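The structure file final06.tsv is reproduced below (TSV, C-alpha atoms).
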```
chain	number	residue	atom	x	y	z
A	120	MET	CA	-58.41	-27.68	-46.53
A	121	ASN	CA	-55.26	-25.63	-46.98
A	122	ALA	CA	-54.93	-22.51	-44.89
A	123	VAL	CA	-53.78	-19.35	-46.64
A	124	PRO	CA	-50.04	-18.86	-45.97
A	125	THR	CA	-49.81	-16.13	-43.36
A	126	VAL	CA	-47.02	-14.04	-41.85
A	127	ASP	CA	-47.50	-11.95	-38.73
A	128	MET	CA	-45.35	-8.81	-38.76
A	129	TRP	CA	-44.60	-7.48	-35.28
A	130	PHE	CA	-43.45	-3.88	-35.41
A	131	GLU	CA	-42.94	-0.78	-33.29
A	132	PHE	CA	-43.36	2.75	-34.62
A	133	ALA	CA	-40.25	3.98	-32.79
A	134	SER	CA	-38.04	1.28	-34.33
A	135	SER	CA	-35.79	2.25	-37.22
A	136	TYR	CA	-35.59	-1.15	-38.87
A	137	SER	CA	-39.35	-1.55	-38.43
A	138	TYR	CA	-39.63	1.46	-40.76
A	139	LEU	CA	-37.90	-0.42	-43.58
A	140	ALA	CA	-40.04	-3.52	-43.08
A	141	VAL	CA	-43.34	-1.65	-42.75
A	142	MET	CA	-42.70	0.24	-45.98
A	143	ARG	CA	-41.93	-2.99	-47.89
A	144	ALA	CA	-44.07	-5.69	-46.30
A	145	GLU	CA	-47.46	-5.30	-47.98
A	146	ALA	CA	-46.07	-5.33	-51.52
A	147	ALA	CA	-43.64	-8.16	-50.75
A	148	ALA	CA	-46.37	-10.28	-49.17
A	149	ARG	CA	-48.69	-9.67	-52.13
A	150	ASP	CA	-45.95	-10.69	-54.57
A	151	ALA	CA	-45.30	-13.86	-52.51
A	152	GLY	CA	-49.00	-14.77	-52.26
A	153	VAL	CA	-48.92	-14.48	-48.47
A	154	ALA	CA	-51.51	-12.92	-46.17
A	155	LEU	CA	-49.86	-10.32	-43.95
A	156	ARG	CA	-51.14	-9.72	-40.43
A	157	TRP	CA	-50.06	-6.47	-38.75
A	158	ARG	CA	-49.10	-6.78	-35.10
A	159	PRO	CA	-48.07	-3.46	-33.51
A	160	PHE	CA	-46.50	-3.70	-30.06
A	161	LEU	CA	-44.29	-1.71	-27.72
A	162	LEU	CA	-40.58	-2.47	-27.53
A	163	GLY	CA	-40.13	-0.61	-24.23
A	164	PRO	CA	-41.45	-3.38	-21.97
A	165	VAL	CA	-39.59	-6.01	-24.03
A	166	PHE	CA	-36.33	-4.08	-23.67
A	167	MET	CA	-36.98	-3.58	-19.94
A	168	SER	CA	-37.24	-7.35	-19.54
A	169	LEU	CA	-33.76	-7.60	-21.13
A	170	GLY	CA	-32.38	-4.98	-18.74
A	171	TRP	CA	-32.36	-2.04	-21.19
A	172	ASN	CA	-34.02	1.22	-20.17
A	173	ASP	CA	-33.42	2.81	-23.59
A	174	SER	CA	-32.89	1.68	-27.17
A	175	PRO	CA	-29.76	-0.49	-27.43
A	176	PHE	CA	-28.75	1.87	-30.25
A	177	ASN	CA	-28.48	4.62	-27.63
A	178	ILE	CA	-26.98	2.41	-24.91
A	179	TYR	CA	-24.22	1.11	-27.23
A	180	PRO	CA	-22.95	4.09	-29.27
A	181	PRO	CA	-20.95	2.09	-31.86
A	182	LYS	CA	-24.11	0.10	-32.65
A	183	GLY	CA	-26.08	3.32	-32.92
A	184	ARG	CA	-23.63	5.05	-35.25
A	185	TYR	CA	-23.59	1.98	-37.45
A	186	MET	CA	-27.37	1.64	-37.47
A	187	TRP	CA	-27.95	5.16	-38.81
A	188	ARG	CA	-25.42	4.67	-41.59
A	189	ASP	CA	-26.95	1.28	-42.40
A	190	MET	CA	-30.42	2.87	-42.45
A	191	ALA	CA	-29.29	5.53	-44.92
A	192	ARG	CA	-27.75	2.90	-47.22
A	193	LEU	CA	-30.76	0.57	-47.05
A	194	ALA	CA	-33.30	3.37	-47.55
A	195	ARG	CA	-31.46	4.32	-50.72
A	196	LYS	CA	-31.36	0.69	-51.85
A	197	TYR	CA	-35.11	0.28	-51.25
A	198	GLU	CA	-35.87	3.78	-52.60
A	199	ILE	CA	-37.57	4.77	-49.35
A	200	PRO	CA	-37.31	8.35	-48.03
A	201	PHE	CA	-35.01	8.76	-45.07
A	202	ARG	CA	-34.12	11.73	-42.88
A	203	LEU	CA	-32.09	11.35	-39.68
A	204	PRO	CA	-34.65	11.92	-36.88
A	205	SER	CA	-33.81	14.74	-34.49
A	206	GLN	CA	-35.17	12.56	-31.67
A	207	PHE	CA	-34.74	8.80	-31.19
A	208	PRO	CA	-36.58	6.81	-30.15
A	209	ARG	CA	-39.83	8.73	-30.43
A	210	ASN	CA	-42.88	7.81	-28.40
A	211	GLY	CA	-44.90	5.35	-30.49
A	212	LEU	CA	-47.56	4.69	-27.85
A	213	LEU	CA	-50.50	6.59	-29.33
A	214	ALA	CA	-49.77	5.42	-32.87
A	215	ALA	CA	-49.53	1.83	-31.62
A	216	ARG	CA	-52.88	2.11	-29.86
A	217	VAL	CA	-54.52	3.35	-33.06
A	218	ALA	CA	-52.79	0.63	-35.07
A	219	CYS	CA	-53.82	-2.06	-32.60
A	220	LEU	CA	-57.41	-0.90	-32.96
A	221	GLY	CA	-57.21	-1.14	-36.74
A	222	GLN	CA	-54.75	-3.98	-37.20
A	223	ASP	CA	-57.22	-6.12	-39.12
A	224	GLU	CA	-58.79	-3.21	-41.03
A	225	ALA	CA	-58.10	-2.37	-44.67
A	226	TRP	CA	-56.45	0.94	-43.71
A	227	ILE	CA	-53.77	-0.52	-41.39
A	228	GLY	CA	-51.04	-0.65	-44.03
A	229	ARG	CA	-51.61	2.92	-45.18
A	230	PHE	CA	-51.74	4.19	-41.61
A	231	ALA	CA	-48.60	2.31	-40.51
A	232	ARG	CA	-46.63	3.56	-43.51
A	233	ALA	CA	-47.81	7.15	-42.96
A	234	VAL	CA	-46.70	7.14	-39.30
A	235	MET	CA	-43.38	5.47	-40.09
A	236	GLN	CA	-42.60	7.84	-42.91
A	237	ALA	CA	-43.48	10.83	-40.71
A	238	ASN	CA	-40.98	9.59	-38.10
A	239	PHE	CA	-38.09	8.44	-40.28
A	240	GLY	CA	-38.65	10.22	-43.57
A	241	GLU	CA	-39.94	13.62	-42.44
A	242	ASP	CA	-38.61	14.02	-38.88
A	243	ARG	CA	-42.07	14.66	-37.43
A	244	ASP	CA	-42.91	13.92	-33.80
A	245	ILE	CA	-45.26	10.95	-33.97
A	246	GLY	CA	-45.60	11.13	-30.19
A	247	GLU	CA	-47.81	14.22	-30.63
A	248	ARG	CA	-51.54	13.70	-30.84
A	249	ALA	CA	-51.86	16.49	-33.43
A	250	VAL	CA	-49.44	14.70	-35.76
A	251	ILE	CA	-51.35	11.43	-35.59
A	252	ALA	CA	-54.62	13.32	-36.09
A	253	ASP	CA	-53.18	15.03	-39.16
A	254	LEU	CA	-51.98	11.72	-40.64
A	255	LEU	CA	-55.37	10.07	-40.08
A	256	THR	CA	-57.17	13.02	-41.66
A	257	ARG	CA	-54.93	12.93	-44.73
A	258	LEU	CA	-55.87	9.25	-45.11
A	259	ASP	CA	-59.56	10.24	-45.06
A	260	LEU	CA	-60.03	8.42	-41.78
A	261	PRO	CA	-62.20	9.79	-38.90
A	262	ALA	CA	-59.32	11.10	-36.82
A	263	GLU	CA	-61.19	12.25	-33.72
A	264	ALA	CA	-63.32	9.11	-33.48
A	265	LEU	CA	-60.30	6.82	-33.90
A	266	LEU	CA	-58.20	8.74	-31.39
A	267	ALA	CA	-61.04	8.63	-28.87
A	268	ALA	CA	-61.51	4.89	-29.43
A	269	ALA	CA	-57.76	4.26	-29.22
A	270	THR	CA	-57.50	5.81	-25.78
A	271	THR	CA	-60.30	3.92	-24.06
A	272	ASP	CA	-59.33	1.48	-21.32
A	273	THR	CA	-60.28	-1.38	-23.64
A	274	ALA	CA	-57.94	-0.17	-26.38
A	275	LYS	CA	-55.11	0.44	-23.91
A	276	ALA	CA	-55.53	-3.07	-22.53
A	277	ALA	CA	-55.52	-4.57	-26.04
A	278	LEU	CA	-52.10	-3.11	-26.82
A	279	ARG	CA	-50.80	-4.17	-23.41
A	280	ARG	CA	-51.98	-7.74	-24.04
A	281	GLN	CA	-50.43	-7.77	-27.50
A	282	THR	CA	-47.10	-6.59	-26.09
A	283	GLU	CA	-47.25	-9.36	-23.49
A	284	GLU	CA	-47.92	-11.83	-26.28
A	285	ALA	CA	-44.78	-10.61	-28.06
A	286	THR	CA	-42.65	-11.52	-25.05
A	287	THR	CA	-44.41	-14.88	-24.71
A	288	ARG	CA	-43.58	-15.64	-28.33
A	289	GLY	CA	-39.88	-15.00	-27.64
A	290	LEU	CA	-39.64	-11.66	-29.43
A	291	PHE	CA	-36.74	-9.46	-28.33
A	292	GLY	CA	-36.70	-6.83	-31.06
A	293	ALA	CA	-38.55	-5.37	-34.02
A	294	PRO	CA	-39.48	-5.95	-36.68
A	295	SER	CA	-40.10	-9.64	-36.11
A	296	PHE	CA	-42.00	-12.03	-38.35
A	297	VAL	CA	-43.85	-15.07	-37.07
A	298	VAL	CA	-44.93	-18.01	-39.22
A	299	GLY	CA	-46.59	-20.62	-37.01
A	300	ASP	CA	-43.93	-21.21	-34.35
A	301	GLU	CA	-41.07	-19.88	-36.47
A	302	LEU	CA	-39.61	-16.53	-35.50
A	303	PHE	CA	-37.66	-14.34	-37.90
A	304	TRP	CA	-36.01	-11.20	-36.54
A	305	GLY	CA	-35.20	-8.07	-38.46
A	306	ASN	CA	-36.01	-6.33	-41.71
A	307	ASP	CA	-33.38	-8.57	-43.31
A	308	ARG	CA	-35.56	-11.63	-42.69
A	309	LEU	CA	-38.79	-10.43	-44.35
A	310	GLU	CA	-38.12	-12.42	-47.52
A	311	ASP	CA	-37.09	-15.55	-45.56
A	312	ALA	CA	-40.30	-15.38	-43.52
A	313	LEU	CA	-42.42	-15.08	-46.66
A	314	ALA	CA	-40.57	-18.01	-48.25
A	315	TRP	CA	-41.06	-20.09	-45.09
A	316	ALA	CA	-44.81	-19.42	-45.14
A	317	THR	CA	-45.17	-20.77	-48.67
A	318	ALA	CA	-42.67	-23.65	-48.47
A	319	PRO	CA	-44.04	-27.21	-48.47
A	320	ALA	CA	-44.30	-28.44	-44.88
B	267	MET	CA	-4.86	3.72	-61.99
B	268	ASN	CA	-7.83	1.81	-60.61
B	269	ALA	CA	-7.26	-0.20	-57.45
B	270	VAL	CA	-8.68	-3.71	-57.33
B	271	PRO	CA	-12.01	-3.64	-55.44
B	272	THR	CA	-11.28	-5.01	-52.00
B	273	VAL	CA	-13.34	-6.10	-49.01
B	274	ASP	CA	-11.82	-6.74	-45.58
B	275	MET	CA	-13.66	-9.46	-43.69
B	276	TRP	CA	-13.26	-9.16	-39.91
B	277	PHE	CA	-14.17	-12.40	-38.19
B	278	GLU	CA	-13.81	-14.31	-34.92
B	279	PHE	CA	-13.57	-18.10	-34.74
B	280	ALA	CA	-15.90	-18.24	-31.72
B	281	SER	CA	-18.65	-16.28	-33.51
B	282	SER	CA	-21.58	-18.21	-34.92
B	283	TYR	CA	-22.50	-15.81	-37.69
B	284	SER	CA	-18.81	-15.51	-38.61
B	285	TYR	CA	-19.03	-19.22	-39.44
B	286	LEU	CA	-21.65	-18.57	-42.13
B	287	ALA	CA	-19.67	-15.69	-43.62
B	288	VAL	CA	-16.30	-17.47	-43.54
B	289	MET	CA	-17.75	-20.48	-45.37
B	290	ARG	CA	-19.26	-18.28	-48.09
B	291	ALA	CA	-16.92	-15.32	-48.49
B	292	GLU	CA	-14.19	-16.60	-50.79
B	293	ALA	CA	-16.56	-17.96	-53.43
B	294	ALA	CA	-18.83	-14.91	-53.20
B	295	ALA	CA	-15.89	-12.50	-53.54
B	296	ARG	CA	-14.52	-14.42	-56.53
B	297	ASP	CA	-17.93	-14.33	-58.23
B	298	ALA	CA	-18.14	-10.58	-57.59
B	299	GLY	CA	-14.61	-9.89	-58.84
B	300	VAL	CA	-13.54	-8.57	-55.45
B	301	ALA	CA	-10.28	-9.21	-53.58
B	302	LEU	CA	-11.02	-10.54	-50.10
B	303	ARG	CA	-8.71	-9.70	-47.21
B	304	TRP	CA	-9.03	-11.88	-44.11
B	305	ARG	CA	-8.87	-10.02	-40.81
B	306	PRO	CA	-9.15	-12.31	-37.75
B	307	PHE	CA	-9.65	-10.55	-34.42
B	308	LEU	CA	-10.92	-11.23	-30.92
B	309	LEU	CA	-14.46	-10.22	-29.98
B	310	GLY	CA	-13.77	-10.51	-26.24
B	311	PRO	CA	-12.03	-7.14	-25.82
B	312	VAL	CA	-14.58	-5.50	-28.12
B	313	PHE	CA	-17.47	-6.88	-26.06
B	314	MET	CA	-15.70	-5.83	-22.84
B	315	SER	CA	-15.57	-2.26	-24.14
B	316	LEU	CA	-19.37	-2.46	-24.58
B	317	GLY	CA	-19.81	-3.76	-21.03
B	318	TRP	CA	-20.35	-7.43	-21.90
B	319	ASN	CA	-18.25	-10.09	-20.17
B	320	ASP	CA	-19.75	-12.90	-22.27
B	321	SER	CA	-21.40	-13.33	-25.66
B	322	PRO	CA	-24.59	-11.25	-25.84
B	323	PHE	CA	-26.25	-14.50	-26.99
B	324	ASN	CA	-25.55	-15.88	-23.52
B	325	ILE	CA	-26.30	-12.65	-21.66
B	326	TYR	CA	-29.71	-12.26	-23.36
B	327	PRO	CA	-31.33	-15.73	-23.50
B	328	PRO	CA	-34.14	-14.86	-25.97
B	329	LYS	CA	-31.49	-13.58	-28.42
B	330	GLY	CA	-29.46	-16.75	-27.89
B	331	ARG	CA	-32.39	-19.11	-28.43
B	332	TYR	CA	-33.29	-17.26	-31.60
B	333	MET	CA	-29.70	-17.21	-32.89
B	334	TRP	CA	-29.34	-21.01	-32.74
B	335	ARG	CA	-32.60	-21.54	-34.59
B	336	ASP	CA	-31.61	-18.89	-37.16
B	337	MET	CA	-28.20	-20.58	-37.57
B	338	ALA	CA	-29.83	-23.95	-38.26
B	339	ARG	CA	-32.16	-22.42	-40.86
B	340	LEU	CA	-29.41	-20.44	-42.58
B	341	ALA	CA	-26.95	-23.34	-42.61
B	342	ARG	CA	-29.58	-25.42	-44.40
B	343	LYS	CA	-30.26	-22.57	-46.84
B	344	TYR	CA	-26.54	-22.20	-47.62
B	345	GLU	CA	-25.98	-25.99	-47.56
B	346	ILE	CA	-23.33	-25.66	-44.84
B	347	PRO	CA	-22.96	-28.34	-42.14
B	348	PHE	CA	-24.25	-27.33	-38.73
B	349	ARG	CA	-24.25	-29.05	-35.36
B	350	LEU	CA	-25.24	-27.26	-32.16
B	351	PRO	CA	-21.93	-26.77	-30.29
B	352	SER	CA	-21.84	-28.28	-26.79
B	353	GLN	CA	-19.85	-25.22	-25.67
B	354	PHE	CA	-20.36	-21.58	-26.69
B	355	PRO	CA	-18.42	-19.48	-27.17
B	356	ARG	CA	-15.30	-21.55	-27.61
B	357	ASN	CA	-11.84	-20.07	-27.14
B	358	GLY	CA	-10.70	-18.84	-30.55
B	359	LEU	CA	-7.43	-17.32	-29.36
B	360	LEU	CA	-4.94	-19.85	-30.72
B	361	ALA	CA	-6.78	-20.23	-34.03
B	362	ALA	CA	-6.86	-16.43	-34.36
B	363	ARG	CA	-3.11	-16.17	-33.73
B	364	VAL	CA	-2.43	-18.74	-36.47
B	365	ALA	CA	-4.86	-17.00	-38.81
B	366	CYS	CA	-3.33	-13.60	-38.10
B	367	LEU	CA	0.07	-15.03	-39.01
B	368	GLY	CA	-1.28	-16.38	-42.29
B	369	GLN	CA	-3.93	-13.82	-43.13
B	370	ASP	CA	-2.29	-12.84	-46.41
B	371	GLU	CA	-1.17	-16.37	-47.33
B	372	ALA	CA	-2.87	-18.60	-49.88
B	373	TRP	CA	-3.96	-21.09	-47.20
B	374	ILE	CA	-5.90	-18.64	-45.00
B	375	GLY	CA	-9.29	-19.43	-46.53
B	376	ARG	CA	-8.86	-23.18	-46.20
B	377	PHE	CA	-7.58	-22.85	-42.64
B	378	ALA	CA	-10.36	-20.50	-41.55
B	379	ARG	CA	-13.05	-22.74	-43.01
B	380	ALA	CA	-11.54	-25.84	-41.41
B	381	VAL	CA	-11.50	-24.23	-37.94
B	382	MET	CA	-14.99	-22.83	-38.31
B	383	GLN	CA	-16.44	-26.10	-39.53
B	384	ALA	CA	-14.75	-27.96	-36.65
B	385	ASN	CA	-16.42	-25.58	-34.18
B	386	PHE	CA	-19.91	-25.24	-35.66
B	387	GLY	CA	-20.23	-28.26	-37.94
B	388	GLU	CA	-18.45	-30.97	-35.92
B	389	ASP	CA	-18.63	-29.78	-32.30
B	390	ARG	CA	-14.85	-29.99	-31.82
B	391	ASP	CA	-13.03	-27.86	-29.25
B	392	ILE	CA	-11.03	-25.39	-31.33
B	393	GLY	CA	-9.56	-24.01	-28.10
B	394	GLU	CA	-7.39	-27.14	-27.85
B	395	ARG	CA	-3.93	-27.01	-29.37
B	396	ALA	CA	-4.23	-30.65	-30.55
B	397	VAL	CA	-7.34	-29.83	-32.57
B	398	ILE	CA	-5.68	-26.90	-34.35
B	399	ALA	CA	-2.60	-29.05	-34.98
B	400	ASP	CA	-4.77	-31.76	-36.49
B	401	LEU	CA	-6.58	-29.31	-38.75
B	402	LEU	CA	-3.29	-27.80	-39.98
B	403	THR	CA	-1.85	-31.26	-40.66
B	404	ARG	CA	-4.90	-32.31	-42.66
B	405	LEU	CA	-4.37	-29.18	-44.79
B	406	ASP	CA	-0.76	-30.32	-45.45
B	407	LEU	CA	0.53	-27.32	-43.50
B	408	PRO	CA	3.53	-27.52	-41.11
B	409	ALA	CA	1.52	-27.66	-37.90
B	410	GLU	CA	4.29	-27.53	-35.31
B	411	ALA	CA	6.20	-24.75	-37.05
B	412	LEU	CA	3.05	-22.64	-37.47
B	413	LEU	CA	1.91	-23.18	-33.89
B	414	ALA	CA	5.36	-22.22	-32.61
B	415	ALA	CA	5.42	-19.09	-34.78
B	416	ALA	CA	1.84	-18.19	-33.76
B	417	THR	CA	2.73	-18.15	-30.06
B	418	THR	CA	5.79	-15.90	-30.19
B	419	ASP	CA	5.51	-12.47	-28.58
B	420	THR	CA	5.53	-10.91	-32.03
B	421	ALA	CA	2.57	-12.99	-33.19
B	422	LYS	CA	0.65	-12.34	-29.99
B	423	ALA	CA	1.23	-8.60	-30.38
B	424	ALA	CA	0.08	-8.71	-34.00
B	425	LEU	CA	-3.33	-10.13	-33.06
B	426	ARG	CA	-3.61	-7.65	-30.18
B	427	ARG	CA	-2.90	-4.75	-32.56
B	428	GLN	CA	-5.41	-6.06	-35.08
B	429	THR	CA	-8.08	-6.34	-32.38
B	430	GLU	CA	-7.36	-2.74	-31.34
B	431	GLU	CA	-7.71	-1.70	-34.97
B	432	ALA	CA	-11.14	-3.35	-35.05
B	433	THR	CA	-12.34	-1.13	-32.21
B	434	THR	CA	-10.78	1.95	-33.83
B	435	ARG	CA	-12.71	1.19	-37.02
B	436	GLY	CA	-15.98	1.15	-35.07
B	437	LEU	CA	-16.52	-2.61	-35.14
B	438	PHE	CA	-18.81	-3.94	-32.42
B	439	GLY	CA	-19.48	-7.48	-33.67
B	440	ALA	CA	-18.52	-10.15	-36.14
B	441	PRO	CA	-18.45	-10.80	-38.94
B	442	SER	CA	-17.93	-7.26	-40.19
B	443	PHE	CA	-16.96	-6.13	-43.66
B	444	VAL	CA	-15.02	-2.97	-44.38
B	445	VAL	CA	-14.82	-1.27	-47.77
B	446	GLY	CA	-12.75	1.90	-47.46
B	447	ASP	CA	-14.52	3.73	-44.63
B	448	GLU	CA	-17.79	1.83	-45.04
B	449	LEU	CA	-18.67	-0.70	-42.38
B	450	PHE	CA	-21.10	-3.57	-42.94
B	451	TRP	CA	-22.07	-5.74	-39.99
B	452	GLY	CA	-23.19	-9.33	-40.09
B	453	ASN	CA	-23.28	-12.31	-42.41
B	454	ASP	CA	-26.41	-10.76	-43.94
B	455	ARG	CA	-24.34	-7.86	-45.31
B	456	LEU	CA	-21.69	-9.87	-47.21
B	457	GLU	CA	-23.41	-9.33	-50.55
B	458	ASP	CA	-24.01	-5.62	-49.87
B	459	ALA	CA	-20.33	-5.13	-49.00
B	460	LEU	CA	-19.22	-6.85	-52.22
B	461	ALA	CA	-21.65	-4.73	-54.23
B	462	TRP	CA	-20.39	-1.56	-52.52
B	463	ALA	CA	-16.78	-2.43	-53.41
B	464	THR	CA	-17.58	-2.70	-57.10
B	465	ALA	CA	-20.09	0.16	-57.40
B	466	PRO	CA	-19.03	3.31	-59.27
B	467	ALA	CA	-17.77	5.89	-56.77
```
Since I need it in another form, could you write the structure as structure tokens?
Amino acid sequence: MNAVPTVDMWFEFASSYSYLAVMRAEAAARDAGVALRWRPFLLGPVFMSLGWNDSPFNIYPPKGRYMWRDMARLARKYEIPFRLPSQFPRNGLLAARVACLGQDEAWIGRFARAVMQANFGEDRDIGERAVIADLLTRLDLPAEALLAAATTDTAKAALRRQTEEATTRGLFGAPSFVVGDELFWGNDRLEDALAWATAPA
Amino acid sequence: MNAVPTVDMWFEFASSYSYLAVMRAEAAARDAGVALRWRPFLLGPVFMSLGWNDSPFNIYPPKGRYMWRDMARLARKYEIPFRLPSQFPRNGLLAARVACLGQDEAWIGRFARAVMQANFGEDRDIGERAVIADLLTRLDLPAEALLAAATTDTAKAALRRQTEEATTRGLFGAPSFVVGDELFWGNDRLEDALAWATAPA
């Protein structure tokens, strides 16, 4: 029995390059005949384990200046909306808890894209509960019920466990793609990860 | 009068991803109708200015582990030889001085590829004078004369100035590609840089 080729996409709502991957991944996976699994996690603890108490794009200004220019160029190339956020990184905790709750649900792609586009395309504060509630409502999802479920101790622990799993798997940034034991880092590697998943063993 | 589309490739002989770009750049530029200018520099001073006293691939082990796996995959994809170097990073100073001397000469591409392949394809110590002499000789270049010229005060100052220019231009890693004021970082951006150089203004 052949398993369906599968790629796990690990992403963080505060991460700029995760935005590009999240906007492209579902269509690219469909075109490649690959099942996409959404794996939201928090970069903060991962960065802390590397000795960074902020985004490396803030810690190293030349990297940060370059990243924003690169983002603008790539967004244009992919025809994805982009507006320089007035705050970076934003707090992706609540959005990640909701996404973790729904990561295997049919609405996960739509929700992830809506949050990402709010952050990097519309300069909205995704750290605010009201913004996440608004996005859920516009997707015809039960905002209050999901937000209540996402902030239970069980839901909090699920995201914490998933973030720990990211570190265990050797992740050090986002987006990252995992195919079996193979790790691919960065929006630039989405296509390589999809190709790896469908290549003959 | 239209200028010939030109891309400056900034590279460092000790840099793993520079290897991939150096091996590919001349053919890719020719296919794109772009003039390629070779710009060797030293990453050490650039990393020092960012607070790193070693390669970030050594400072951050998960990044390093990933990089070597990524290198092996990409080398196979590009059909470029790859052997895990027994020492990383190697000292690229002498090779960079020779390359700086010859950066606008016809032999620069052949020399750069020979040094890079020795380091990352054959596990040879490019920090040794005898290795650089051997590579020059195999390219039918006057090894002793070039090595003597590359170690004059003038030649040393030229590489130092070029490395300072890299920082001034906002470079923070290698390889980097510069098209006018546009900076592209990483082997992954070679094709984007070539496309930028030939795009209508």
Next on the checklist: Excluding Leu350 (chain B) and its own-chain neighbours fewer than 4 positions away, which residues fall within 10 Å of it when counting all atoms listed in the file? Please give them as a PyMOL selection string.
Outcome noted: chain B and resi 334-335+337-338+354+385-389
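Going from CA of Val141 (chain A) to CA of Arg339 (chain B) covers 23.7 Å.
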Worksheet entry | Separation of CA of Asp259 (chain A) from CA of Phe130 (chain A), in Å and rounded to one decimal |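 Separation of CA of Asp259 (chain A) and CA of Phe130 (chain A): 23.5 Å.
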Item to check | Neighbours of chain B in chain A at 10 Å, counting only C-alpha atoms, as a VMD selection string | outcome: chain A and resid 168 to 170 178 to 182 184 to 186 188 to 189 192 to 193 196 286 288 to 292 301 to 304 307 to 308 311
**Request:** Show me as a ChimeraX atom specification the residues that reach within 10 Å of (-12.5, -11.2, -26.9), counting all atoms listed in the file and using the file's own coordinates.
**Result:** /B:278,280,307-315,319-321,357-359,429
Quiz item: With distances taken over all atoms listed in the file, which of A:Pro124, A:Arg243, A:Leu313, A:Ala277 is nearest to Ser205 (chain A)?
Solution: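 Using all atoms listed in the file, Ser205 (chain A) sits closest to A:Arg243.
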Find, counting all atoms listed in the file, the residue in B:Val445, B:Gly330, B:Phe279, B:Leu302 that gets nearest to Ile392 (chain B).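 Of B:Val445, B:Gly330, B:Phe279, B:Leu302, the one nearest Ile392 (chain B) is B:Phe279, counting all atoms listed in the file.
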- Work out how far CA of Leu360 (chain B) is from CA of Pro306 (chain B), in Å to one decimal.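 So the two atoms, CA of Pro306 (chain B) and CA of Leu360 (chain B), lie 11.1 Å apart.
Among B:Ala414, B:Leu456, B:Leu367, B:Ala409, the residue with the shortest atom-to-atom distance to Ala298 (chain B), counting all atoms listed in the file, is B:Leu456.
With all atoms listed in the file as the atoms that count, the residue of B:Gln428, B:Thr434, B:Ser282, B:Thr272 with the shortest distance to Pro351 (chain B) is B:Ser282.
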Of the candidates A:Trp226, A:Ala285, A:Ala148, A:Trp171, which one gets nearest to Pro261 (chain A) if we count all atoms listed in the file?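 The closest residue to Pro261 (chain A) is A:Trp226.
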Write out as an mmCIF file with C-alpha atoms, keeping the file's coordinate frame the residues lying within 12 Å of Trp304 (chain B), counting all atoms listed in the file and excluding same-chain residues fewer than 3 positions away.
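Final file, out.cif:
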```cif
data_model
loop_
_atom_site.group_PDB
_atom_site.id
_atom_site.type_symbol
_atom_site.label_atom_id
_atom_site.label_comp_id
_atom_site.auth_asym_id
_atom_site.auth_seq_id
_atom_site.Cartn_x
_atom_site.Cartn_y
_atom_site.Cartn_z
ATOM 1 C CA THR B 272 -11.280 -5.010 -52.000
ATOM 2 C CA VAL B 273 -13.340 -6.100 -49.010
ATOM 3 C CA ASP B 274 -11.820 -6.740 -45.580
ATOM 4 C CA MET B 275 -13.660 -9.460 -43.690
ATOM 5 C CA TRP B 276 -13.260 -9.160 -39.910
ATOM 6 C CA PHE B 277 -14.170 -12.400 -38.190
ATOM 7 C CA GLU B 278 -13.810 -14.310 -34.920
ATOM 8 C CA SER B 284 -18.810 -15.510 -38.610
ATOM 9 C CA ALA B 287 -19.670 -15.690 -43.620
ATOM 10 C CA VAL B 288 -16.300 -17.470 -43.540
ATOM 11 C CA ALA B 291 -16.920 -15.320 -48.490
ATOM 12 C CA GLU B 292 -14.190 -16.600 -50.790
ATOM 13 C CA ALA B 295 -15.890 -12.500 -53.540
ATOM 14 C CA ALA B 301 -10.280 -9.210 -53.580
ATOM 15 C CA PHE B 307 -9.650 -10.550 -34.420
ATOM 16 C CA ALA B 362 -6.860 -16.430 -34.360
ATOM 17 C CA ALA B 365 -4.860 -17.000 -38.810
ATOM 18 C CA CYS B 366 -3.330 -13.600 -38.100
ATOM 19 C CA LEU B 367 0.070 -15.030 -39.010
ATOM 20 C CA GLY B 368 -1.280 -16.380 -42.290
ATOM 21 C CA GLN B 369 -3.930 -13.820 -43.130
ATOM 22 C CA ASP B 370 -2.290 -12.840 -46.410
ATOM 23 C CA GLU B 371 -1.170 -16.370 -47.330
ATOM 24 C CA ALA B 372 -2.870 -18.600 -49.880
ATOM 25 C CA TRP B 373 -3.960 -21.090 -47.200
ATOM 26 C CA ILE B 374 -5.900 -18.640 -45.000
ATOM 27 C CA GLY B 375 -9.290 -19.430 -46.530
ATOM 28 C CA ARG B 376 -8.860 -23.180 -46.200
ATOM 29 C CA PHE B 377 -7.580 -22.850 -42.640
ATOM 30 C CA ALA B 378 -10.360 -20.500 -41.550
ATOM 31 C CA ARG B 379 -13.050 -22.740 -43.010
ATOM 32 C CA GLN B 428 -5.410 -6.060 -35.080
ATOM 33 C CA PRO B 441 -18.450 -10.800 -38.940
ATOM 34 C CA SER B 442 -17.930 -7.260 -40.190
ATOM 35 C CA PHE B 443 -16.960 -6.130 -43.660
ATOM 36 C CA VAL B 444 -15.020 -2.970 -44.380
#
```
- Check the smallest atom-to-atom distance from each of B:Leu425, B:Val397, B:Ala416, B:Val381 to Tyr285 (chain B) using all atoms listed in the file, then report the winner.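 Of all the options, B:Val381 lies closest to Tyr285 (chain B).
Near Leu266 (chain A), within a cut-off of 10 Å and counting all atoms listed in the file, sit the residues Leu213, Ala214, Arg216, Val217, Leu220, Arg248, Ile251, Ala252, Leu255, Pro261 and Thr271 of chain A, with same-chain residues fewer than 5 positions away left out.
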